[in-house]
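A.B. asks: Structure incoming, see below.
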Amino acid sequence: MKKIILYIGFIALWTSCKKQLTEVPESFISKANYYKNASDAQTAITGAYSALADNYGINYWLFLVNHSDYEEGRGSQAPISVFSQILDVANIGRAGDIWSTFYSTINRANSVLENVPAIEMDETLKNKILAEAHFLRGMSYFNLVRGFGPVPLKTKESVDASQVDVPRSSEDEVYALIIEDAKAAVDGLPESVGAETGRASKGAAKMLLANVYLTREKWAEAAKEADDIIKSGIYTLVNVQKSDDFYKIFAVTTSTEDVLSIHHSDSRQSTLPNYLHRPNTPPYNYSSGGVYAWLPNMKSFLAAWDDKDLRKNFNLYKKYLGPNGDSVLLPSATPVLFKKFITGNDGLATYSDPVYRYAEAFLVFAEADCMANGGPTAQALERLNWIRRRAYGYSPATPSAADFAPGMNQEQFRDTVLKERALEFIAEGQRWHDLKRTGTVKKAMGLVGRTVIDARLLWPIPQEEIDNNGALSQADQNPGY
């Protein structure tokens with residue numbers, strides 16, 4: 001394990017600062033004496049997964065959640081919610097951290113893809129490891145291109161300074177690689193990973209592919225991938241009869257609808273609860289830490305949320321348990337908070353953070369199938385109603401009083417799906433991508449009194465990247481920065 005950590009540390013250096021890359025410390029392991037056997041290959045892909053946990057660290061989460069119409073940032077995150085001006089210095093730095101962590105994963109995945117094929121080992125295991133690397137690289141580029149637009153397309157392991165200089169590729173070129181990687185992952189990954197949902201499966205790769213197709217408006221293709229996931233028999237929706245039943249999804253390590261998540265442990269805990277809660281506010285936060293930086297914007301669609309929708313009481317709260325077990329109102333400055341992500345009663349935040357949930361496949365299918373057919377089909381409406389029924393405490397497969405009625409046109413149906421996605425994925429980082437891909441950022445933000453300048457539609461490329469990447473110049477910076 002020590003050997004791979006040293007090696008990964010070595011290759012990661014090449015993606016940061018060219019001036020620091022003129023010499024290779026002799027104490028670092030090189031790939032010339034690594035990648036010798038199956039154990040090396042497995043350790044290398046584990047290192048790539050470790051970088052994935054950094055990708056979905058707090059900076060990426062806070063950027064996605066704060067870039068939404070239903071939330072307002074607090075403290076140092078408040079400027080993210082002000083769309084009439086560019087990001088401030090602190091949040092430009094956070095954007096840079098997001099960039100570097102995703103490229104770290106890409107470089108580790110490239111290392112696996114470049115070096116594992118030559119190892120003599122079990123071919124089934126080898127193919128699985130390579131498929132995982134394709135998945136991690138493809139998902140990383142998908143998140144980069146959605147946030148930053150055209151980005152440098154690095155498909156080789158960076159092991160010397162000459163490989164740092166890579167120009168920005170067009171979005172079309174980046175998406176072509178993402179689709180290629182996702183398809184390779186689908187072909188090589190197992191149908192199921194059991195409870196190890198922190199690792200990629202065929203379902204996770206298909207979810208990635210479905211989201212890519214949805215973003216690129218390849219409607220029939222997106223619908224097919226989502227349909228494959230729904231029909232796979234691997235996943236089931238968690239039954240919900242009361243609001244707290246949703247904790248069977250979010251206060252666990254894994255669930256029957258967990259397609260891919262970031263797993264945590266006592267030594268590597270999730271910090272999401274700290275950003276939703278005040279400290280010492282059981283039963284939502286038993287920890288003494290709590291910066292409650294993500295505040296519900298009650299001028300948004302949250303204000304009209306139906307009380308009968310069990311997701312409302314699950315996602316929002318106004319009271320917590322006091323030291324005597326009595327009910328205490330939140331202070332007037334923050335009268336409502338989000339509560340989806342919580343700590344355990346020992347204060348630890350070890351629950352998994354979702355990346356892909358089975359529920360998303362139903363909503364992807366509903367939207368894509370409607371758009372592919374010029375209006376909602378009976379199956380698209382039924383798939384949408386599965387999520388709607390579950391939200392109201394009904395059996396997903398059985399028609400209910402909560403069902404959306406037929407008769408909507410294409411635009412009405414798509415708007416309904418997008419609203420359902422907004423409610424289903426509160427604080428899960430989906431809303432900004434939905435608003436961007438549908439071209440509705442300015443409209444949605446306008447409804448809550450926000451003006452959006454064009455410069456805020458993309459995140460700034462790190463100045464360090466421009467300074468150290470000889471293929472870039474200041475002209476490559478995104479507008480406004």
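So you can find residues: chains in the structure tokens are A, B, ... in the order shown, residues in each start at 1, and ligands are numbered from 1 in order.
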Using only C-alpha atoms, which protein or nucleic acid residues come within 10 Å of range 221-236 of chain A? Drop anything in the same chain fewer than 6 positions from it, and give the result as a PyMOL selection string.
C.D. replies: chain A and resi 191-194+202-215+255-259+357-372+380+383
A.B. asks: Pull the helix (DSSP H, G or I) assignments for range 28-166 of chain A out of DSSP run on the backbone, and list those residues as a PyMOL selection string.
C.D. replies: chain A and resi 31-33+38-55+58-66+75-81+89-118+123-148+161-164
A.B. asks: Here is a test: counting only C-alpha atoms, which residue of A:Asp266, A:Asp122, A:Asp434, A:Asp306 is nearest to Tyr351 in chain A?
C.D. replies: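 For Tyr351 in chain A, the nearest of the given residues is A:Asp266.
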A.B. asks: Quick one: residues within 9 Å of Ser76 in chain A, only C-alpha atoms counted, chain neighbours fewer than 4 positions away excluded, as a PyMOL selection string?
C.D. replies: chain A and resi 80+90-91+293
A.B. asks: Please report the interatomic distance between CA of Tyr103 in chain A and CA of His134 in chain A in Å with one decimal.
C.D. replies: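 We find that CA of Tyr103 in chain A and CA of His134 in chain A lie 13.7 Å from each other.
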